[in-house]
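Structure file input18.cif (mmCIF, N, CA and C atoms) follows.
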data_run
#
loop_
_atom_site.label_atom_id
_atom_site.label_comp_id
_atom_site.auth_asym_id
_atom_site.auth_seq_id
_atom_site.Cartn_x
_atom_site.Cartn_y
_atom_site.Cartn_z
N MET D 1 98.05 71.72 262.15
CA MET D 1 98.72 72.47 263.18
C MET D 1 99.16 73.83 262.62
N ILE D 2 98.90 74.89 263.34
CA ILE D 2 99.23 76.24 262.91
C ILE D 2 100.65 76.57 263.36
N ASP D 3 101.45 77.14 262.43
CA ASP D 3 102.80 77.58 262.75
C ASP D 3 102.70 78.96 263.39
N GLU D 4 102.75 79.01 264.73
CA GLU D 4 102.56 80.26 265.45
C GLU D 4 103.78 81.17 265.38
N SER D 5 104.90 80.72 264.81
CA SER D 5 106.07 81.58 264.70
C SER D 5 105.82 82.75 263.77
N TRP D 6 104.78 82.67 262.93
CA TRP D 6 104.47 83.75 262.00
C TRP D 6 103.52 84.76 262.61
N GLN D 7 102.98 84.47 263.78
CA GLN D 7 102.02 85.37 264.39
C GLN D 7 102.73 86.37 265.28
N CYS D 8 102.32 87.61 265.23
CA CYS D 8 102.85 88.62 266.13
C CYS D 8 101.75 89.61 266.45
N SER D 9 101.96 90.39 267.50
CA SER D 9 100.93 91.34 267.89
C SER D 9 100.88 92.51 266.91
N ALA D 10 99.72 93.14 266.85
CA ALA D 10 99.53 94.26 265.92
C ALA D 10 100.35 95.45 266.40
N PRO D 11 100.83 96.32 265.54
CA PRO D 11 100.79 96.14 264.10
C PRO D 11 101.89 95.18 263.64
N ALA D 12 101.58 94.41 262.64
CA ALA D 12 102.54 93.45 262.12
C ALA D 12 103.63 94.19 261.35
N ARG D 13 104.85 93.73 261.48
CA ARG D 13 105.99 94.38 260.85
C ARG D 13 106.54 93.54 259.70
N VAL D 14 107.20 94.22 258.79
CA VAL D 14 107.93 93.56 257.71
C VAL D 14 109.24 93.03 258.29
N CYS D 15 109.66 91.86 257.88
CA CYS D 15 110.91 91.27 258.36
C CYS D 15 112.11 92.16 258.01
N GLY D 16 112.35 92.37 256.73
CA GLY D 16 113.42 93.26 256.30
C GLY D 16 114.82 92.67 256.28
N ARG D 17 114.97 91.39 256.56
CA ARG D 17 116.31 90.78 256.55
C ARG D 17 116.92 90.95 255.16
N ARG D 18 118.18 91.34 255.13
CA ARG D 18 118.85 91.65 253.86
C ARG D 18 119.75 90.51 253.37
N ALA D 19 119.91 90.49 252.06
CA ALA D 19 120.85 89.58 251.40
C ALA D 19 121.20 90.22 250.05
N ARG D 20 122.20 89.70 249.42
CA ARG D 20 122.61 90.20 248.10
C ARG D 20 122.48 89.06 247.11
N LEU D 21 121.83 89.32 245.97
CA LEU D 21 121.71 88.31 244.92
C LEU D 21 123.08 88.17 244.25
N PRO D 22 123.66 86.97 244.28
CA PRO D 22 124.96 86.77 243.64
C PRO D 22 124.90 87.06 242.14
N ALA D 23 125.98 87.61 241.61
CA ALA D 23 126.05 87.99 240.20
C ALA D 23 125.73 86.82 239.27
N TYR D 24 126.14 85.61 239.64
CA TYR D 24 125.90 84.46 238.76
C TYR D 24 124.41 84.12 238.64
N LEU D 25 123.57 84.63 239.56
CA LEU D 25 122.13 84.35 239.48
C LEU D 25 121.36 85.39 238.64
N VAL D 26 121.99 86.49 238.28
CA VAL D 26 121.32 87.51 237.47
C VAL D 26 120.87 86.94 236.13
N PRO D 27 121.76 86.27 235.35
CA PRO D 27 121.28 85.70 234.08
C PRO D 27 120.28 84.57 234.28
N VAL D 28 120.36 83.88 235.41
CA VAL D 28 119.38 82.83 235.71
C VAL D 28 118.01 83.46 235.88
N ALA D 29 117.94 84.55 236.65
CA ALA D 29 116.67 85.26 236.84
C ALA D 29 116.12 85.76 235.51
N MET D 30 117.00 86.34 234.70
CA MET D 30 116.58 86.86 233.39
C MET D 30 116.06 85.74 232.50
N GLY D 31 116.57 84.55 232.66
CA GLY D 31 116.14 83.41 231.86
C GLY D 31 114.71 82.98 232.12
N PHE D 32 114.14 83.39 233.24
CA PHE D 32 112.75 83.06 233.54
C PHE D 32 111.76 83.94 232.78
N ALA D 33 112.22 85.05 232.23
CA ALA D 33 111.33 85.99 231.53
C ALA D 33 110.79 85.36 230.27
N PRO D 34 109.48 85.49 230.04
CA PRO D 34 108.89 84.95 228.81
C PRO D 34 109.56 85.55 227.57
N GLY D 35 110.04 84.70 226.69
CA GLY D 35 110.69 85.15 225.46
C GLY D 35 112.02 85.83 225.69
N GLY D 36 112.59 85.68 226.88
CA GLY D 36 113.88 86.30 227.17
C GLY D 36 113.82 87.82 227.22
N ALA D 37 112.63 88.36 227.45
CA ALA D 37 112.43 89.82 227.43
C ALA D 37 112.74 90.44 228.79
N ALA D 38 113.99 90.35 229.22
CA ALA D 38 114.40 90.95 230.48
C ALA D 38 115.77 91.59 230.31
N ALA D 39 115.99 92.65 231.04
CA ALA D 39 117.28 93.34 231.03
C ALA D 39 117.92 93.20 232.41
N VAL D 40 119.20 93.40 232.48
CA VAL D 40 119.92 93.33 233.75
C VAL D 40 119.29 94.27 234.77
N GLU D 41 118.85 95.44 234.31
CA GLU D 41 118.25 96.43 235.20
C GLU D 41 116.92 95.97 235.80
N ASP D 42 116.31 94.95 235.22
CA ASP D 42 115.04 94.43 235.73
C ASP D 42 115.22 93.55 236.97
N VAL D 43 116.45 93.13 237.21
CA VAL D 43 116.75 92.19 238.29
C VAL D 43 117.19 92.94 239.55
N GLU D 44 116.45 92.76 240.64
CA GLU D 44 116.79 93.38 241.92
C GLU D 44 117.88 92.56 242.60
N ARG D 45 119.01 93.17 242.89
CA ARG D 45 120.13 92.46 243.52
C ARG D 45 120.21 92.72 245.02
N ASP D 46 119.71 93.86 245.47
CA ASP D 46 119.69 94.17 246.90
C ASP D 46 118.39 93.63 247.48
N LEU D 47 118.48 92.49 248.12
CA LEU D 47 117.30 91.77 248.57
C LEU D 47 116.94 92.16 250.00
N ARG D 48 115.64 92.23 250.25
CA ARG D 48 115.12 92.50 251.59
C ARG D 48 113.86 91.68 251.77
N CYS D 49 113.83 90.83 252.79
CA CYS D 49 112.66 89.97 253.02
C CYS D 49 111.43 90.83 253.24
N SER D 50 110.39 90.57 252.46
CA SER D 50 109.16 91.37 252.52
C SER D 50 108.05 90.68 253.30
N LEU D 51 108.33 89.53 253.86
CA LEU D 51 107.32 88.82 254.64
C LEU D 51 107.13 89.47 256.00
N GLN D 52 106.06 89.07 256.68
CA GLN D 52 105.84 89.51 258.04
C GLN D 52 107.02 89.05 258.89
N ALA D 53 107.44 89.87 259.85
CA ALA D 53 108.57 89.53 260.73
C ALA D 53 108.41 88.11 261.26
N HIS D 54 109.49 87.34 261.20
CA HIS D 54 109.44 85.94 261.61
C HIS D 54 110.78 85.53 262.20
N ALA D 55 110.72 84.57 263.10
CA ALA D 55 111.94 84.07 263.76
C ALA D 55 112.43 82.77 263.14
N THR D 56 111.57 82.10 262.40
CA THR D 56 111.94 80.83 261.77
C THR D 56 111.49 80.85 260.32
N GLY D 57 111.98 79.89 259.55
CA GLY D 57 111.57 79.77 258.16
C GLY D 57 112.46 80.57 257.23
N GLU D 58 112.20 80.43 255.95
CA GLU D 58 113.01 81.09 254.94
C GLU D 58 112.58 82.54 254.72
N HIS D 59 113.56 83.35 254.34
CA HIS D 59 113.30 84.73 253.94
C HIS D 59 112.99 84.71 252.45
N HIS D 60 112.16 85.66 252.00
CA HIS D 60 111.79 85.77 250.59
C HIS D 60 111.85 87.24 250.16
N ALA D 61 112.40 87.47 248.99
CA ALA D 61 112.45 88.82 248.43
C ALA D 61 112.12 88.77 246.95
N HIS D 62 111.38 89.76 246.49
CA HIS D 62 111.03 89.88 245.08
C HIS D 62 112.28 90.22 244.29
N VAL D 63 112.52 89.51 243.19
CA VAL D 63 113.69 89.73 242.35
C VAL D 63 113.31 90.37 241.02
N MET D 64 112.24 89.87 240.41
CA MET D 64 111.88 90.38 239.08
C MET D 64 110.44 90.03 238.75
N HIS D 65 109.74 91.03 238.23
CA HIS D 65 108.37 90.81 237.73
C HIS D 65 108.46 90.08 236.39
N LEU D 66 107.54 89.18 236.16
CA LEU D 66 107.46 88.49 234.87
C LEU D 66 106.27 89.06 234.10
N ALA D 67 106.52 89.55 232.89
CA ALA D 67 105.47 90.14 232.07
C ALA D 67 104.45 89.09 231.66
N GLY D 68 103.22 89.52 231.53
CA GLY D 68 102.15 88.62 231.10
C GLY D 68 101.17 88.33 232.21
N ARG D 69 100.06 87.80 231.81
CA ARG D 69 98.99 87.48 232.76
C ARG D 69 99.29 86.15 233.44
N ASP D 70 99.12 86.11 234.75
CA ASP D 70 99.29 84.89 235.55
C ASP D 70 100.67 84.26 235.39
N THR D 71 101.70 85.10 235.25
CA THR D 71 103.07 84.57 235.11
C THR D 71 103.80 84.53 236.44
N GLY D 72 103.33 85.28 237.44
CA GLY D 72 103.99 85.32 238.73
C GLY D 72 105.22 86.21 238.69
N ALA D 73 106.18 85.87 239.53
CA ALA D 73 107.40 86.66 239.63
C ALA D 73 108.55 85.77 240.07
N VAL D 74 109.76 86.26 239.86
CA VAL D 74 110.95 85.56 240.35
C VAL D 74 111.21 86.05 241.77
N TRP D 75 111.38 85.10 242.69
CA TRP D 75 111.65 85.39 244.09
C TRP D 75 112.95 84.73 244.51
N ALA D 76 113.62 85.33 245.46
CA ALA D 76 114.82 84.75 246.07
C ALA D 76 114.43 84.20 247.44
N ARG D 77 115.06 83.08 247.80
CA ARG D 77 114.87 82.46 249.12
C ARG D 77 116.23 82.27 249.76
N TRP D 78 116.29 82.49 251.08
CA TRP D 78 117.51 82.18 251.83
C TRP D 78 117.13 81.99 253.29
N SER D 79 118.00 81.26 254.01
CA SER D 79 117.70 80.93 255.40
C SER D 79 118.56 81.70 256.40
N ARG D 80 119.83 81.85 256.11
CA ARG D 80 120.76 82.50 257.03
C ARG D 80 121.40 83.68 256.31
N PRO D 81 121.97 84.64 257.09
CA PRO D 81 122.62 85.78 256.43
C PRO D 81 123.67 85.37 255.40
N GLU D 82 124.43 84.35 255.68
CA GLU D 82 125.44 83.89 254.74
C GLU D 82 124.96 82.68 253.94
N GLY D 83 123.70 82.33 254.08
CA GLY D 83 123.15 81.15 253.42
C GLY D 83 123.02 81.33 251.92
N GLU D 84 122.93 80.21 251.25
CA GLU D 84 122.79 80.21 249.79
C GLU D 84 121.46 80.84 249.38
N VAL D 85 121.51 81.72 248.40
CA VAL D 85 120.31 82.33 247.84
C VAL D 85 119.86 81.46 246.67
N ARG D 86 118.57 81.11 246.67
CA ARG D 86 118.01 80.30 245.59
C ARG D 86 116.89 81.09 244.93
N LEU D 87 116.70 80.85 243.63
CA LEU D 87 115.63 81.51 242.88
C LEU D 87 114.49 80.55 242.61
N VAL D 88 113.29 81.10 242.60
CA VAL D 88 112.10 80.31 242.31
C VAL D 88 111.05 81.24 241.70
N VAL D 89 110.27 80.70 240.78
CA VAL D 89 109.14 81.46 240.23
C VAL D 89 107.90 81.05 241.02
N LEU D 90 107.22 82.05 241.56
CA LEU D 90 106.03 81.81 242.37
C LEU D 90 104.86 82.63 241.84
N PRO D 91 103.65 82.10 241.97
CA PRO D 91 102.47 82.85 241.52
C PRO D 91 102.23 84.05 242.44
N ASP D 92 101.53 85.04 241.93
CA ASP D 92 101.19 86.21 242.73
C ASP D 92 100.11 85.86 243.74
N CYS D 93 100.15 86.52 244.90
CA CYS D 93 99.09 86.36 245.90
C CYS D 93 97.84 87.04 245.35
N PRO D 94 96.70 86.35 245.38
CA PRO D 94 95.47 86.93 244.82
C PRO D 94 94.72 87.84 245.79
N ALA D 95 95.19 87.99 247.03
CA ALA D 95 94.45 88.75 248.04
C ALA D 95 94.39 90.24 247.70
N VAL D 96 93.25 90.83 248.01
CA VAL D 96 93.03 92.25 247.82
C VAL D 96 92.51 92.82 249.13
N GLY D 97 93.08 93.94 249.54
CA GLY D 97 92.69 94.57 250.80
C GLY D 97 91.30 95.16 250.74
N PRO D 98 90.82 95.58 251.89
CA PRO D 98 89.46 96.14 251.98
C PRO D 98 89.36 97.50 251.31
N PRO D 99 88.13 97.88 250.91
CA PRO D 99 87.90 99.21 250.36
C PRO D 99 88.19 100.27 251.43
N PRO D 100 88.49 101.48 251.12
CA PRO D 100 88.37 102.03 249.78
C PRO D 100 89.61 101.79 248.92
N ALA D 101 90.75 101.51 249.51
CA ALA D 101 91.98 101.37 248.72
C ALA D 101 91.96 100.13 247.84
N GLY D 102 91.52 99.00 248.40
CA GLY D 102 91.48 97.75 247.63
C GLY D 102 92.83 97.37 247.07
N GLU D 103 93.87 97.63 247.84
CA GLU D 103 95.24 97.38 247.41
C GLU D 103 95.52 95.87 247.31
N GLY D 104 96.16 95.45 246.25
CA GLY D 104 96.52 94.04 246.08
C GLY D 104 97.75 93.69 246.90
N CYS D 105 97.84 92.44 247.31
CA CYS D 105 99.01 91.97 248.05
C CYS D 105 100.19 91.85 247.10
N CYS D 106 101.35 92.27 247.55
CA CYS D 106 102.57 92.24 246.72
C CYS D 106 103.42 91.01 246.96
N GLU D 107 102.92 90.05 247.71
CA GLU D 107 103.66 88.82 248.01
C GLU D 107 103.31 87.74 246.99
N TYR D 108 103.86 86.56 247.23
CA TYR D 108 103.57 85.41 246.38
C TYR D 108 102.39 84.62 246.97
N GLY D 109 101.73 83.86 246.13
CA GLY D 109 100.59 83.07 246.56
C GLY D 109 100.97 82.06 247.64
N GLY D 110 100.18 81.98 248.69
CA GLY D 110 100.41 81.02 249.76
C GLY D 110 101.47 81.44 250.76
N HIS D 111 101.89 82.70 250.73
CA HIS D 111 102.93 83.17 251.65
C HIS D 111 102.45 83.09 253.10
N PRO D 112 103.39 82.89 254.03
CA PRO D 112 103.02 82.90 255.45
C PRO D 112 102.88 84.34 255.95
N GLY D 113 102.18 84.52 257.05
CA GLY D 113 102.06 85.84 257.65
C GLY D 113 101.04 86.71 256.96
N GLY D 114 101.05 87.98 257.34
CA GLY D 114 100.09 88.94 256.82
C GLY D 114 100.36 89.32 255.38
N HIS D 115 99.33 89.90 254.76
CA HIS D 115 99.47 90.40 253.39
C HIS D 115 100.22 91.73 253.44
N SER D 116 100.85 92.10 252.34
CA SER D 116 101.69 93.30 252.30
C SER D 116 100.92 94.55 252.74
N TYR D 117 99.63 94.66 252.43
CA TYR D 117 98.85 95.83 252.81
C TYR D 117 98.49 95.84 254.29
N GLU D 118 98.79 94.76 255.00
CA GLU D 118 98.53 94.69 256.45
C GLU D 118 99.78 94.99 257.28
N LEU D 119 100.93 95.09 256.64
CA LEU D 119 102.20 95.22 257.36
C LEU D 119 102.66 96.66 257.43
N THR D 120 103.34 96.99 258.51
CA THR D 120 103.93 98.32 258.64
C THR D 120 105.34 98.28 258.08
N GLY D 121 105.91 99.44 257.83
CA GLY D 121 107.26 99.53 257.28
C GLY D 121 108.36 99.21 258.25
N ARG D 122 108.07 99.15 259.55
CA ARG D 122 109.12 98.82 260.52
C ARG D 122 109.57 97.41 260.29
N ARG D 123 110.87 97.23 260.26
CA ARG D 123 111.45 95.92 260.00
C ARG D 123 112.03 95.33 261.27
N MET D 124 112.07 94.01 261.34
CA MET D 124 112.59 93.31 262.50
C MET D 124 114.01 93.78 262.84
N GLU D 125 114.86 93.99 261.84
CA GLU D 125 116.25 94.33 262.09
C GLU D 125 116.41 95.75 262.65
N GLU D 126 115.37 96.57 262.63
CA GLU D 126 115.45 97.93 263.14
C GLU D 126 115.01 98.01 264.59
N THR D 127 114.47 96.94 265.14
CA THR D 127 113.94 96.99 266.51
C THR D 127 114.89 96.34 267.47
#
Show the structure stored in the file as C-alpha cells.
Amino acid sequence: MIDESWQCSAPARVCGRRARLPAYLVPVAMGFAPGGAAAVEDVERDLRCSLQAHATGEHHAHVMHLAGRDTGAVWARWSRPEGEVRLVVLPDCPAVGPPPAGEGCCEYGGHPGGHSYELTGRRMEET
C-alpha cells in the first residue's frame, strides 16, 4: 500500500518544520563521529525538516556529516513541535539527478517523498 500523504502536486516543496536540537544531544551527536573527530561547531542545532512537505509522519533534519566512505550522517527525528528530538545515524541516499547537473540527493537512504534535487525551496510553513 502506498502512503499517499507524501504525494503532492508539482512543484514539490520542502517541509521546513523547525525544531531546536537540545544541548544535551550535542555530545551524543559528536559521539557518532568516527574516532571522535567532531567539534561542537560540526553539530547543527537549528533544525529544519528537509523532506518533501508532508502532513503525517516524522520530521527529519541533517545534524552532522560523518567523515569517511559509506558512513552516512547523523539525523534528528521529531513528530510534534514540542516533541522529543531523537538522533539516528542513517545511510546517505544514493540517488543522483538527471544530467547535466547530476546532483546527488542530500537526504538519507529510503527517505519518503521526492529527492532533494526535485524539491523547491518553498516550505510548508510559509504557505
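Selection by the PyMOL selection byres (((chain D and resi 120 and name CA) around 9) and name CA) on the present file picks out D:Pro11, D:Ala12, D:Arg13, D:Val14, D:Ser116, D:Tyr117, D:Glu118, D:Leu119, D:Gly121, D:Arg122, D:Arg123.
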* DSSP strand (DSSP E) residues within range 18-116 of chain D, listed as an MDAnalysis selection string -> chainID D and resid 18:20 46:48 59:65 73:78 86:90
* Convert the output of the PyMOL selection byres ((chain D and resi 71-85) around 7) on the shown file into explicit residues, formatted as JSON, numbers by chain. => {"D": [18, 19, 21, 22, 29, 57, 58, 59, 60, 61, 62, 63, 64, 65, 66, 67, 68, 69, 70, 86, 87, 88, 89, 90, 91, 92]}
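For the pair CA of Cys15 in chain D and atom N of Ser50 in chain D, the separation is 6.0 Å.
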* **Resolved residues for the PyMOL selection byres ((chain D and resi 93) around 5) as a ChimeraX atom specification** => /D:91-92,94-95,107-109
